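Asker: If it helps, the file is called entry.txt and holds compact mmCIF, N, CA and C atoms:
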```
# COMPACT_ATOMS: atom_id res chain seq x y z
N MET A 16 -31.89 -43.08 -19.41
CA MET A 16 -33.08 -43.55 -18.73
C MET A 16 -32.85 -43.60 -17.22
N ALA A 17 -31.67 -44.05 -16.80
CA ALA A 17 -31.38 -44.16 -15.38
C ALA A 17 -31.35 -42.78 -14.72
N MET A 18 -30.82 -41.78 -15.41
CA MET A 18 -30.73 -40.43 -14.87
C MET A 18 -32.13 -39.82 -14.69
N GLU A 19 -33.03 -40.06 -15.66
CA GLU A 19 -34.39 -39.55 -15.54
C GLU A 19 -35.10 -40.19 -14.35
N ASN A 20 -34.88 -41.48 -14.16
CA ASN A 20 -35.49 -42.20 -13.06
C ASN A 20 -34.98 -41.65 -11.72
N TYR A 21 -33.68 -41.38 -11.64
CA TYR A 21 -33.09 -40.84 -10.40
C TYR A 21 -33.64 -39.45 -10.12
N ALA A 22 -33.73 -38.62 -11.16
CA ALA A 22 -34.21 -37.25 -10.99
C ALA A 22 -35.67 -37.23 -10.55
N SER A 23 -36.47 -38.15 -11.07
CA SER A 23 -37.89 -38.15 -10.70
C SER A 23 -38.09 -38.61 -9.26
N ARG A 24 -37.21 -39.46 -8.74
CA ARG A 24 -37.35 -39.93 -7.36
C ARG A 24 -36.90 -38.88 -6.35
N ASN A 25 -35.88 -38.08 -6.67
CA ASN A 25 -35.27 -37.15 -5.71
C ASN A 25 -35.54 -35.70 -6.07
N ILE A 26 -36.71 -35.41 -6.54
CA ILE A 26 -37.00 -34.05 -7.00
C ILE A 26 -37.02 -33.03 -5.85
N ASP A 27 -37.45 -33.45 -4.67
CA ASP A 27 -37.54 -32.52 -3.55
C ASP A 27 -36.33 -32.54 -2.62
N LYS A 28 -35.40 -33.44 -2.86
CA LYS A 28 -34.25 -33.56 -1.98
C LYS A 28 -33.19 -32.52 -2.34
N ILE A 29 -32.74 -31.79 -1.36
CA ILE A 29 -31.69 -30.78 -1.57
C ILE A 29 -30.38 -31.36 -1.06
N HIS A 30 -29.39 -31.34 -1.89
CA HIS A 30 -28.08 -31.89 -1.54
C HIS A 30 -27.25 -30.79 -0.88
N THR A 31 -27.44 -30.61 0.42
CA THR A 31 -26.76 -29.52 1.13
C THR A 31 -25.26 -29.71 1.18
N ASP A 32 -24.78 -30.97 1.20
CA ASP A 32 -23.33 -31.18 1.23
C ASP A 32 -22.69 -30.70 -0.07
N VAL A 33 -23.37 -30.91 -1.19
CA VAL A 33 -22.85 -30.45 -2.48
C VAL A 33 -22.88 -28.93 -2.54
N LEU A 34 -23.96 -28.34 -2.06
CA LEU A 34 -24.07 -26.88 -2.07
C LEU A 34 -23.01 -26.24 -1.18
N SER A 35 -22.78 -26.78 0.00
CA SER A 35 -21.79 -26.18 0.90
C SER A 35 -20.38 -26.37 0.36
N GLN A 36 -20.10 -27.50 -0.27
CA GLN A 36 -18.77 -27.71 -0.86
C GLN A 36 -18.55 -26.73 -2.02
N SER A 37 -19.58 -26.52 -2.81
CA SER A 37 -19.48 -25.58 -3.92
C SER A 37 -19.26 -24.16 -3.42
N ARG A 38 -19.99 -23.80 -2.37
CA ARG A 38 -19.85 -22.46 -1.79
C ARG A 38 -18.46 -22.25 -1.22
N GLU A 39 -17.95 -23.26 -0.51
CA GLU A 39 -16.59 -23.17 0.05
C GLU A 39 -15.54 -23.03 -1.04
N ALA A 40 -15.71 -23.78 -2.14
CA ALA A 40 -14.77 -23.67 -3.26
C ALA A 40 -14.81 -22.28 -3.87
N CYS A 41 -16.01 -21.72 -3.95
CA CYS A 41 -16.16 -20.36 -4.48
C CYS A 41 -15.47 -19.35 -3.57
N TYR A 42 -15.69 -19.46 -2.26
CA TYR A 42 -15.08 -18.53 -1.33
C TYR A 42 -13.56 -18.60 -1.36
N LYS A 43 -13.02 -19.82 -1.47
CA LYS A 43 -11.56 -19.97 -1.53
C LYS A 43 -11.00 -19.33 -2.80
N ALA A 44 -11.68 -19.56 -3.93
CA ALA A 44 -11.23 -18.96 -5.19
C ALA A 44 -11.34 -17.44 -5.14
N ARG A 45 -12.42 -16.95 -4.54
CA ARG A 45 -12.60 -15.49 -4.40
C ARG A 45 -11.49 -14.89 -3.55
N ASP A 46 -11.22 -15.51 -2.41
CA ASP A 46 -10.19 -15.00 -1.51
C ASP A 46 -8.82 -15.03 -2.16
N ALA A 47 -8.54 -16.07 -2.93
CA ALA A 47 -7.25 -16.16 -3.63
C ALA A 47 -7.12 -15.04 -4.67
N PHE A 48 -8.20 -14.77 -5.40
CA PHE A 48 -8.15 -13.70 -6.41
C PHE A 48 -7.96 -12.34 -5.77
N PHE A 49 -8.72 -12.05 -4.73
CA PHE A 49 -8.59 -10.73 -4.10
C PHE A 49 -7.27 -10.59 -3.34
N ALA A 50 -6.71 -11.69 -2.85
CA ALA A 50 -5.38 -11.64 -2.25
C ALA A 50 -4.34 -11.31 -3.31
N CYS A 51 -4.51 -11.87 -4.50
CA CYS A 51 -3.61 -11.56 -5.61
C CYS A 51 -3.73 -10.08 -5.99
N LEU A 52 -4.96 -9.56 -5.99
CA LEU A 52 -5.14 -8.14 -6.30
C LEU A 52 -4.40 -7.25 -5.30
N GLU A 53 -4.48 -7.60 -4.02
CA GLU A 53 -3.79 -6.82 -2.99
C GLU A 53 -2.28 -6.94 -3.14
N LYS A 54 -1.82 -8.14 -3.42
CA LYS A 54 -0.38 -8.38 -3.54
C LYS A 54 0.21 -7.66 -4.75
N GLU A 55 -0.55 -7.64 -5.84
CA GLU A 55 -0.07 -7.03 -7.09
C GLU A 55 -0.64 -5.62 -7.28
N SER A 56 -1.00 -4.95 -6.21
CA SER A 56 -1.67 -3.65 -6.33
C SER A 56 -0.77 -2.56 -6.94
N GLY A 57 0.52 -2.73 -6.86
CA GLY A 57 1.42 -1.73 -7.42
C GLY A 57 1.57 -1.83 -8.93
N LYS A 58 1.13 -2.93 -9.50
CA LYS A 58 1.28 -3.13 -10.95
C LYS A 58 0.09 -2.56 -11.70
N LYS A 59 0.35 -2.20 -12.95
CA LYS A 59 -0.70 -1.60 -13.77
C LYS A 59 -1.72 -2.66 -14.18
N PRO A 60 -3.02 -2.38 -13.94
CA PRO A 60 -4.06 -3.35 -14.35
C PRO A 60 -4.21 -3.37 -15.87
N THR A 61 -4.21 -4.56 -16.44
CA THR A 61 -4.33 -4.70 -17.89
C THR A 61 -5.56 -5.50 -18.29
N GLU A 62 -6.15 -6.22 -17.36
CA GLU A 62 -7.30 -7.07 -17.66
C GLU A 62 -8.56 -6.42 -17.06
N ILE A 63 -9.70 -6.71 -17.67
CA ILE A 63 -10.96 -6.14 -17.20
C ILE A 63 -11.91 -7.27 -16.82
N GLY A 64 -12.44 -7.19 -15.59
CA GLY A 64 -13.43 -8.15 -15.12
C GLY A 64 -14.82 -7.56 -15.26
N SER A 65 -15.76 -8.10 -14.53
CA SER A 65 -17.11 -7.57 -14.59
C SER A 65 -17.20 -6.25 -13.82
N VAL A 66 -18.22 -5.49 -14.09
CA VAL A 66 -18.53 -4.20 -13.47
C VAL A 66 -17.33 -3.25 -13.42
N GLY A 67 -16.45 -3.31 -14.41
CA GLY A 67 -15.34 -2.38 -14.49
C GLY A 67 -14.15 -2.67 -13.61
N LEU A 68 -14.13 -3.82 -12.96
CA LEU A 68 -12.99 -4.20 -12.12
C LEU A 68 -11.79 -4.47 -13.01
N GLN A 69 -10.69 -3.82 -12.72
CA GLN A 69 -9.47 -4.03 -13.48
C GLN A 69 -8.45 -4.73 -12.60
N TYR A 70 -7.67 -5.64 -13.23
CA TYR A 70 -6.69 -6.40 -12.47
C TYR A 70 -5.46 -6.65 -13.34
N PRO A 71 -4.30 -6.84 -12.72
CA PRO A 71 -3.07 -7.09 -13.48
C PRO A 71 -3.06 -8.49 -14.09
N ALA A 72 -2.24 -8.68 -15.12
CA ALA A 72 -2.15 -9.96 -15.81
C ALA A 72 -1.66 -11.07 -14.90
N GLU A 73 -0.93 -10.73 -13.84
CA GLU A 73 -0.42 -11.74 -12.91
C GLU A 73 -1.56 -12.46 -12.17
N CYS A 74 -2.72 -11.85 -12.13
CA CYS A 74 -3.87 -12.44 -11.42
C CYS A 74 -4.84 -13.15 -12.37
N LYS A 75 -4.43 -13.32 -13.61
CA LYS A 75 -5.32 -13.92 -14.61
C LYS A 75 -5.73 -15.34 -14.24
N LYS A 76 -4.79 -16.15 -13.74
CA LYS A 76 -5.08 -17.54 -13.40
C LYS A 76 -6.06 -17.61 -12.22
N SER A 77 -5.82 -16.81 -11.19
CA SER A 77 -6.72 -16.83 -10.04
C SER A 77 -8.10 -16.27 -10.41
N ARG A 78 -8.14 -15.35 -11.37
CA ARG A 78 -9.43 -14.84 -11.85
C ARG A 78 -10.20 -15.94 -12.58
N ALA A 79 -9.49 -16.72 -13.40
CA ALA A 79 -10.14 -17.81 -14.12
C ALA A 79 -10.69 -18.85 -13.14
N ASP A 80 -9.93 -19.15 -12.08
CA ASP A 80 -10.42 -20.08 -11.06
C ASP A 80 -11.64 -19.52 -10.35
N PHE A 81 -11.61 -18.24 -10.06
CA PHE A 81 -12.73 -17.56 -9.40
C PHE A 81 -13.99 -17.67 -10.26
N GLU A 82 -13.86 -17.39 -11.56
CA GLU A 82 -15.01 -17.44 -12.46
C GLU A 82 -15.48 -18.88 -12.68
N LYS A 83 -14.56 -19.84 -12.61
CA LYS A 83 -14.93 -21.24 -12.80
C LYS A 83 -15.67 -21.80 -11.58
N ASN A 84 -15.26 -21.42 -10.38
CA ASN A 84 -15.83 -21.98 -9.15
C ASN A 84 -17.06 -21.26 -8.63
N CYS A 85 -17.33 -20.07 -9.12
CA CYS A 85 -18.46 -19.28 -8.62
C CYS A 85 -19.48 -19.05 -9.73
N ARG A 86 -20.70 -18.90 -9.33
CA ARG A 86 -21.75 -18.56 -10.28
C ARG A 86 -21.50 -17.14 -10.80
N PRO A 87 -21.89 -16.87 -12.06
CA PRO A 87 -21.67 -15.53 -12.62
C PRO A 87 -22.28 -14.41 -11.79
N ALA A 88 -23.45 -14.64 -11.21
CA ALA A 88 -24.07 -13.61 -10.38
C ALA A 88 -23.24 -13.34 -9.13
N TRP A 89 -22.63 -14.38 -8.58
CA TRP A 89 -21.77 -14.21 -7.41
C TRP A 89 -20.51 -13.46 -7.77
N VAL A 90 -19.92 -13.78 -8.92
CA VAL A 90 -18.71 -13.08 -9.36
C VAL A 90 -19.00 -11.59 -9.49
N LYS A 91 -20.11 -11.28 -10.13
CA LYS A 91 -20.50 -9.87 -10.30
C LYS A 91 -20.72 -9.20 -8.95
N HIS A 92 -21.39 -9.91 -8.05
CA HIS A 92 -21.66 -9.37 -6.71
C HIS A 92 -20.36 -9.10 -5.95
N PHE A 93 -19.44 -10.07 -5.95
CA PHE A 93 -18.18 -9.90 -5.23
C PHE A 93 -17.32 -8.81 -5.87
N ASP A 94 -17.37 -8.69 -7.19
CA ASP A 94 -16.62 -7.61 -7.86
C ASP A 94 -17.17 -6.24 -7.45
N ARG A 95 -18.50 -6.12 -7.45
CA ARG A 95 -19.10 -4.85 -7.03
C ARG A 95 -18.75 -4.52 -5.58
N LEU A 96 -18.83 -5.52 -4.74
CA LEU A 96 -18.52 -5.32 -3.32
C LEU A 96 -17.07 -4.87 -3.14
N HIS A 97 -16.16 -5.50 -3.87
CA HIS A 97 -14.75 -5.13 -3.77
C HIS A 97 -14.53 -3.70 -4.26
N CYS A 98 -15.13 -3.35 -5.39
CA CYS A 98 -14.97 -1.99 -5.93
C CYS A 98 -15.55 -0.95 -4.97
N ARG A 99 -16.71 -1.25 -4.40
CA ARG A 99 -17.33 -0.31 -3.46
C ARG A 99 -16.48 -0.13 -2.21
N ASN A 100 -15.97 -1.23 -1.67
CA ASN A 100 -15.13 -1.14 -0.48
C ASN A 100 -13.83 -0.40 -0.76
N ARG A 101 -13.24 -0.64 -1.92
CA ARG A 101 -12.00 0.04 -2.28
C ARG A 101 -12.24 1.53 -2.48
N THR A 102 -13.36 1.89 -3.10
CA THR A 102 -13.68 3.31 -3.29
C THR A 102 -13.92 3.99 -1.95
N SER A 103 -14.66 3.34 -1.07
CA SER A 103 -14.91 3.90 0.25
C SER A 103 -13.62 4.10 1.02
N GLN A 104 -12.74 3.12 0.97
CA GLN A 104 -11.47 3.21 1.67
C GLN A 104 -10.62 4.36 1.11
N ARG A 105 -10.62 4.50 -0.21
CA ARG A 105 -9.84 5.58 -0.84
C ARG A 105 -10.39 6.94 -0.44
N LEU A 106 -11.72 7.06 -0.39
CA LEU A 106 -12.32 8.33 0.01
C LEU A 106 -12.01 8.66 1.46
N LEU A 107 -12.03 7.66 2.32
CA LEU A 107 -11.70 7.90 3.72
C LEU A 107 -10.25 8.31 3.89
N GLU A 108 -9.35 7.68 3.15
CA GLU A 108 -7.93 8.03 3.24
C GLU A 108 -7.68 9.42 2.68
N ASP A 109 -8.32 9.76 1.56
CA ASP A 109 -8.14 11.08 0.96
C ASP A 109 -8.68 12.18 1.85
N LYS A 110 -9.76 11.90 2.56
CA LYS A 110 -10.36 12.90 3.43
C LYS A 110 -9.37 13.34 4.51
N GLU A 111 -8.62 12.41 5.04
CA GLU A 111 -7.64 12.73 6.07
C GLU A 111 -6.50 13.59 5.52
N THR A 112 -6.06 13.34 4.30
CA THR A 112 -4.94 14.08 3.75
C THR A 112 -5.34 15.45 3.22
N ARG A 113 -6.63 15.62 2.86
CA ARG A 113 -7.06 16.90 2.30
C ARG A 113 -7.74 17.80 3.31
N ARG A 114 -7.70 17.43 4.53
CA ARG A 114 -8.41 18.21 5.54
C ARG A 114 -7.76 19.58 5.70
N GLY A 115 -8.54 20.59 5.61
CA GLY A 115 -8.04 21.96 5.75
C GLY A 115 -8.76 22.67 6.86
N PRO A 116 -8.64 24.00 6.92
CA PRO A 116 -9.34 24.73 7.98
C PRO A 116 -10.84 24.61 7.79
N LEU A 117 -11.52 24.49 8.89
CA LEU A 117 -12.96 24.35 8.88
C LEU A 117 -13.58 25.74 9.01
N SER A 118 -14.45 26.08 8.07
CA SER A 118 -15.11 27.39 8.16
C SER A 118 -16.60 27.17 8.27
N LEU A 119 -17.15 27.70 9.34
CA LEU A 119 -18.58 27.58 9.59
C LEU A 119 -19.28 28.83 9.10
N PRO A 120 -20.52 28.71 8.70
CA PRO A 120 -21.25 29.90 8.27
C PRO A 120 -21.44 30.85 9.45
N GLN A 121 -21.26 32.12 9.19
CA GLN A 121 -21.38 33.14 10.23
C GLN A 121 -22.80 33.69 10.25
N PRO A 122 -23.29 34.03 11.43
CA PRO A 122 -24.65 34.58 11.49
C PRO A 122 -24.70 35.94 10.80
N TYR A 123 -25.83 36.22 10.20
CA TYR A 123 -26.01 37.47 9.50
C TYR A 123 -26.33 38.55 10.50
N THR A 124 -25.63 39.67 10.41
CA THR A 124 -25.93 40.82 11.28
C THR A 124 -26.48 41.94 10.41
N PHE A 125 -27.57 42.47 10.84
CA PHE A 125 -28.23 43.52 10.08
C PHE A 125 -27.55 44.86 10.35
N LYS A 126 -27.17 45.54 9.31
CA LYS A 126 -26.57 46.88 9.43
C LYS A 126 -27.50 47.86 8.74
N PRO A 127 -28.10 48.74 9.53
CA PRO A 127 -29.03 49.71 8.91
C PRO A 127 -28.25 50.69 8.04
N THR A 128 -28.84 50.98 6.94
CA THR A 128 -28.23 51.99 6.05
C THR A 128 -28.78 53.36 6.41
N SER A 129 -27.97 54.34 6.31
CA SER A 129 -28.42 55.68 6.65
C SER A 129 -29.14 56.26 5.45
N SER A 130 -30.34 56.76 5.69
CA SER A 130 -31.10 57.37 4.60
C SER A 130 -31.05 58.90 4.79
N THR A 131 -30.70 59.57 3.77
CA THR A 131 -30.58 61.02 3.88
C THR A 131 -31.68 61.77 3.27
```
If you took the structure in this file and wrote it as structure tokens, what would it be?
Answerer:
Amino acid sequence: MAMENYASRNIDKIHTDVLSQSREACYKARDAFFACLEKESGKKPTEIGSVGLQYPAECKKSRADFEKNCRPAWVKHFDRLHCRNRTSQRLLEDKETRRGPLSLPQPYTFKPTSST
């Protein structure tokens, strides 16, 4: 009964301090997880997160903290963002190593055929 009474009195009040603390906790958990991914990047990924993100078993605890402290939509968003950034970085690095001679299209020159 007391909880219903409290909720009915404060229906329009937004608790910004609670929201900012929650957001900060989420960001810290996210940063810890992605730092673990970078640190353990040489190890074979064995676990699967959302949107196809794979991570090593050593990062399982930080992943659980990340999922606990962040909303599922945020976890999915940050996973997508990380995968996209990693793919872009890999493509940029590969482009530098695979660069070969540049060949531009040559203008067409008309050669008349001799008609006999």
Asker: Go ahead and compute the interatomic distance for atom N of A:Ala44 and atom CA of A:Phe81, in Å to one decimal.
Answerer: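 That distance, rounded to one decimal, is 5.9 Å.
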Asker: Quick one: distance from atom N of A:Val90 to atom CA of A:Ala50 in Å, one decimal?
Answerer: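 Spanning atom N of A:Val90 to atom CA of A:Ala50 is a straight-line distance of 16.1 Å.
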Asker: To one decimal place in Å, what is the distance between atom N of A:Pro60 and atom CA of A:Glu108?
Answerer: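 Pair atom N of A:Pro60 / atom CA of A:Glu108 returns 20.7 Å.
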Asker: Give the padded box for stretch 90-108 of chain A as lines of an AutoDock Vina configuration file: axis-aligned, covering all atoms listed in the file, 4 Å on each side, centre and edge lengths in Å to one decimal.
Answerer:
```
center_x = -14.7
center_y = -2.2
center_z = -3.2
size_x = 22.0
size_y = 31.2
size_z = 22.2
```
Asker: Which is closer to A:Leu34 than all the others in A:Lys54, A:Pro71, A:Arg86, A:Ala47, using only C-alpha atoms?
Answerer: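 Result for the nearest residue to A:Leu34: A:Arg86.
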Asker: When you look at A:Cys98 with a cut-off of 12 Å (counting only C-alpha atoms), what residues show up, excluding the ones that are within fewer than 2 positions of it in the same chain? I need them as a PDB file with N, CA and C atoms, in the coordinates of the input.
Answerer:
```
ATOM      1  N   PHE A  49      -8.720 -12.050  -4.730  1.00  0.00           N
ATOM      2  CA  PHE A  49      -8.590 -10.730  -4.100  1.00  0.00           C
ATOM      3  C   PHE A  49      -7.270 -10.590  -3.340  1.00  0.00           C
ATOM      4  N   LEU A  52      -4.960  -9.560  -5.990  1.00  0.00           N
ATOM      5  CA  LEU A  52      -5.140  -8.140  -6.300  1.00  0.00           C
ATOM      6  C   LEU A  52      -4.400  -7.250  -5.300  1.00  0.00           C
ATOM      7  N   GLY A  64     -12.440  -7.190 -15.590  1.00  0.00           N
ATOM      8  CA  GLY A  64     -13.430  -8.150 -15.120  1.00  0.00           C
ATOM      9  C   GLY A  64     -14.820  -7.560 -15.260  1.00  0.00           C
ATOM     10  N   SER A  65     -15.760  -8.100 -14.530  1.00  0.00           N
ATOM     11  CA  SER A  65     -17.110  -7.570 -14.590  1.00  0.00           C
ATOM     12  C   SER A  65     -17.200  -6.250 -13.820  1.00  0.00           C
ATOM     13  N   VAL A  66     -18.220  -5.490 -14.090  1.00  0.00           N
ATOM     14  CA  VAL A  66     -18.530  -4.200 -13.470  1.00  0.00           C
ATOM     15  C   VAL A  66     -17.330  -3.250 -13.420  1.00  0.00           C
ATOM     16  N   GLY A  67     -16.450  -3.310 -14.410  1.00  0.00           N
ATOM     17  CA  GLY A  67     -15.340  -2.380 -14.490  1.00  0.00           C
ATOM     18  C   GLY A  67     -14.150  -2.670 -13.610  1.00  0.00           C
ATOM     19  N   LEU A  68     -14.130  -3.820 -12.960  1.00  0.00           N
ATOM     20  CA  LEU A  68     -12.990  -4.200 -12.120  1.00  0.00           C
ATOM     21  C   LEU A  68     -11.790  -4.470 -13.010  1.00  0.00           C
ATOM     22  N   GLN A  69     -10.690  -3.820 -12.720  1.00  0.00           N
ATOM     23  CA  GLN A  69      -9.470  -4.030 -13.480  1.00  0.00           C
ATOM     24  C   GLN A  69      -8.450  -4.730 -12.600  1.00  0.00           C
ATOM     25  N   TYR A  70      -7.670  -5.640 -13.230  1.00  0.00           N
ATOM     26  CA  TYR A  70      -6.690  -6.400 -12.470  1.00  0.00           C
ATOM     27  C   TYR A  70      -5.460  -6.650 -13.340  1.00  0.00           C
ATOM     28  N   LYS A  91     -20.110 -11.280 -10.130  1.00  0.00           N
ATOM     29  CA  LYS A  91     -20.500  -9.870 -10.300  1.00  0.00           C
ATOM     30  C   LYS A  91     -20.720  -9.200  -8.950  1.00  0.00           C
ATOM     31  N   HIS A  92     -21.390  -9.910  -8.050  1.00  0.00           N
ATOM     32  CA  HIS A  92     -21.660  -9.370  -6.710  1.00  0.00           C
ATOM     33  C   HIS A  92     -20.360  -9.100  -5.950  1.00  0.00           C
ATOM     34  N   PHE A  93     -19.440 -10.070  -5.950  1.00  0.00           N
ATOM     35  CA  PHE A  93     -18.180  -9.900  -5.230  1.00  0.00           C
ATOM     36  C   PHE A  93     -17.320  -8.810  -5.870  1.00  0.00           C
ATOM     37  N   ASP A  94     -17.370  -8.690  -7.190  1.00  0.00           N
ATOM     38  CA  ASP A  94     -16.620  -7.610  -7.860  1.00  0.00           C
ATOM     39  C   ASP A  94     -17.170  -6.240  -7.450  1.00  0.00           C
ATOM     40  N   ARG A  95     -18.500  -6.120  -7.450  1.00  0.00           N
ATOM     41  CA  ARG A  95     -19.100  -4.850  -7.030  1.00  0.00           C
ATOM     42  C   ARG A  95     -18.750  -4.520  -5.580  1.00  0.00           C
ATOM     43  N   LEU A  96     -18.830  -5.520  -4.740  1.00  0.00           N
ATOM     44  CA  LEU A  96     -18.520  -5.320  -3.320  1.00  0.00           C
ATOM     45  C   LEU A  96     -17.070  -4.870  -3.140  1.00  0.00           C
ATOM     46  N   ASN A 100     -15.970  -1.230  -1.670  1.00  0.00           N
ATOM     47  CA  ASN A 100     -15.130  -1.140  -0.480  1.00  0.00           C
ATOM     48  C   ASN A 100     -13.830  -0.400  -0.760  1.00  0.00           C
ATOM     49  N   ARG A 101     -13.240  -0.640  -1.920  1.00  0.00           N
ATOM     50  CA  ARG A 101     -12.000   0.040  -2.280  1.00  0.00           C
ATOM     51  C   ARG A 101     -12.240   1.530  -2.480  1.00  0.00           C
ATOM     52  N   THR A 102     -13.360   1.890  -3.100  1.00  0.00           N
ATOM     53  CA  THR A 102     -13.680   3.310  -3.290  1.00  0.00           C
ATOM     54  C   THR A 102     -13.920   3.990  -1.950  1.00  0.00           C
ATOM     55  N   SER A 103     -14.660   3.340  -1.070  1.00  0.00           N
ATOM     56  CA  SER A 103     -14.910   3.900   0.250  1.00  0.00           C
ATOM     57  C   SER A 103     -13.620   4.100   1.020  1.00  0.00           C
ATOM     58  N   GLN A 104     -12.740   3.120   0.970  1.00  0.00           N
ATOM     59  CA  GLN A 104     -11.470   3.210   1.670  1.00  0.00           C
ATOM     60  C   GLN A 104     -10.620   4.360   1.110  1.00  0.00           C
ATOM     61  N   ARG A 105     -10.620   4.500  -0.210  1.00  0.00           N
ATOM     62  CA  ARG A 105      -9.840   5.580  -0.840  1.00  0.00           C
ATOM     63  C   ARG A 105     -10.390   6.940  -0.440  1.00  0.00           C
TER      64      ARG A 105
END
```
Asker: Have a look at A:Thr128, A:Leu106, A:Pro122, A:Asn84 and name the one nearest to A:Arg38; count all atoms listed in the file.
Answerer: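 Checking each of A:Thr128, A:Leu106, A:Pro122, A:Asn84 against A:Arg38, counting all atoms listed in the file, the winner is A:Asn84.
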Asker: List every residue of stretch 32-123 of chain A that DSSP, applied to the backbone, labels as helix (DSSP H, G or I), and write the result as a PyMOL selection string.
Answerer: chain A and resi 32-54+65-67+72-84+87-112
Asker: Determine the nearest neighbour of A:Glu73 from the options A:Glu55, A:Asp109, A:Lys126, A:Lys43, counting all atoms listed in the file.
Answerer: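 Checking each candidate against A:Glu73, we get A:Glu55 as the closest.
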Asker: Go through A:Leu107, A:Cys51, A:Ala79, A:Cys85 one by one, measure the shortest atom-to-atom distance of each to A:Ser37 using only C-alpha atoms, and give the residue with the smallest value.
Answerer: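 Once distances to A:Ser37 are computed over only C-alpha atoms, the minimum belongs to A:Cys85.
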Asker: Complete the atom set of stretch 97-110 of chain A to N, CA, C and O atoms and return it as a compact mmCIF listing (two decimals), in the frame of the given file.
Answerer:
```txt
# COMPACT_ATOMS: atom_id res chain seq x y z
N HIS A 97 -16.16 -5.50 -3.87
CA HIS A 97 -14.75 -5.13 -3.77
C HIS A 97 -14.53 -3.70 -4.26
O HIS A 97 -13.82 -2.92 -3.61
N CYS A 98 -15.13 -3.35 -5.39
CA CYS A 98 -14.97 -1.99 -5.93
C CYS A 98 -15.55 -0.95 -4.97
O CYS A 98 -14.94 0.09 -4.74
N ARG A 99 -16.71 -1.25 -4.40
CA ARG A 99 -17.33 -0.31 -3.46
C ARG A 99 -16.48 -0.13 -2.21
O ARG A 99 -16.26 0.98 -1.75
N ASN A 100 -15.97 -1.23 -1.67
CA ASN A 100 -15.13 -1.14 -0.48
C ASN A 100 -13.83 -0.40 -0.76
O ASN A 100 -13.36 0.39 0.06
N ARG A 101 -13.24 -0.64 -1.92
CA ARG A 101 -12.00 0.04 -2.28
C ARG A 101 -12.24 1.53 -2.48
O ARG A 101 -11.43 2.37 -2.04
N THR A 102 -13.36 1.89 -3.10
CA THR A 102 -13.68 3.31 -3.29
C THR A 102 -13.92 3.99 -1.95
O THR A 102 -13.43 5.11 -1.72
N SER A 103 -14.66 3.34 -1.07
CA SER A 103 -14.91 3.90 0.25
C SER A 103 -13.62 4.10 1.02
O SER A 103 -13.42 5.14 1.65
N GLN A 104 -12.74 3.12 0.97
CA GLN A 104 -11.47 3.21 1.67
C GLN A 104 -10.62 4.36 1.11
O GLN A 104 -10.02 5.12 1.87
N ARG A 105 -10.62 4.50 -0.21
CA ARG A 105 -9.84 5.58 -0.84
C ARG A 105 -10.39 6.94 -0.44
O ARG A 105 -9.64 7.87 -0.15
N LEU A 106 -11.72 7.06 -0.39
CA LEU A 106 -12.32 8.33 0.01
C LEU A 106 -12.01 8.66 1.46
O LEU A 106 -11.76 9.82 1.79
N LEU A 107 -12.03 7.66 2.32
CA LEU A 107 -11.70 7.90 3.72
C LEU A 107 -10.25 8.31 3.89
O LEU A 107 -9.93 9.20 4.68
N GLU A 108 -9.35 7.68 3.15
CA GLU A 108 -7.93 8.03 3.24
C GLU A 108 -7.68 9.42 2.68
O GLU A 108 -6.91 10.19 3.24
N ASP A 109 -8.32 9.76 1.56
CA ASP A 109 -8.14 11.08 0.96
C ASP A 109 -8.68 12.18 1.85
O ASP A 109 -8.14 13.28 1.90
N LYS A 110 -9.76 11.90 2.56
CA LYS A 110 -10.36 12.90 3.43
C LYS A 110 -9.37 13.34 4.51
O LYS A 110 -9.31 14.51 4.86
```
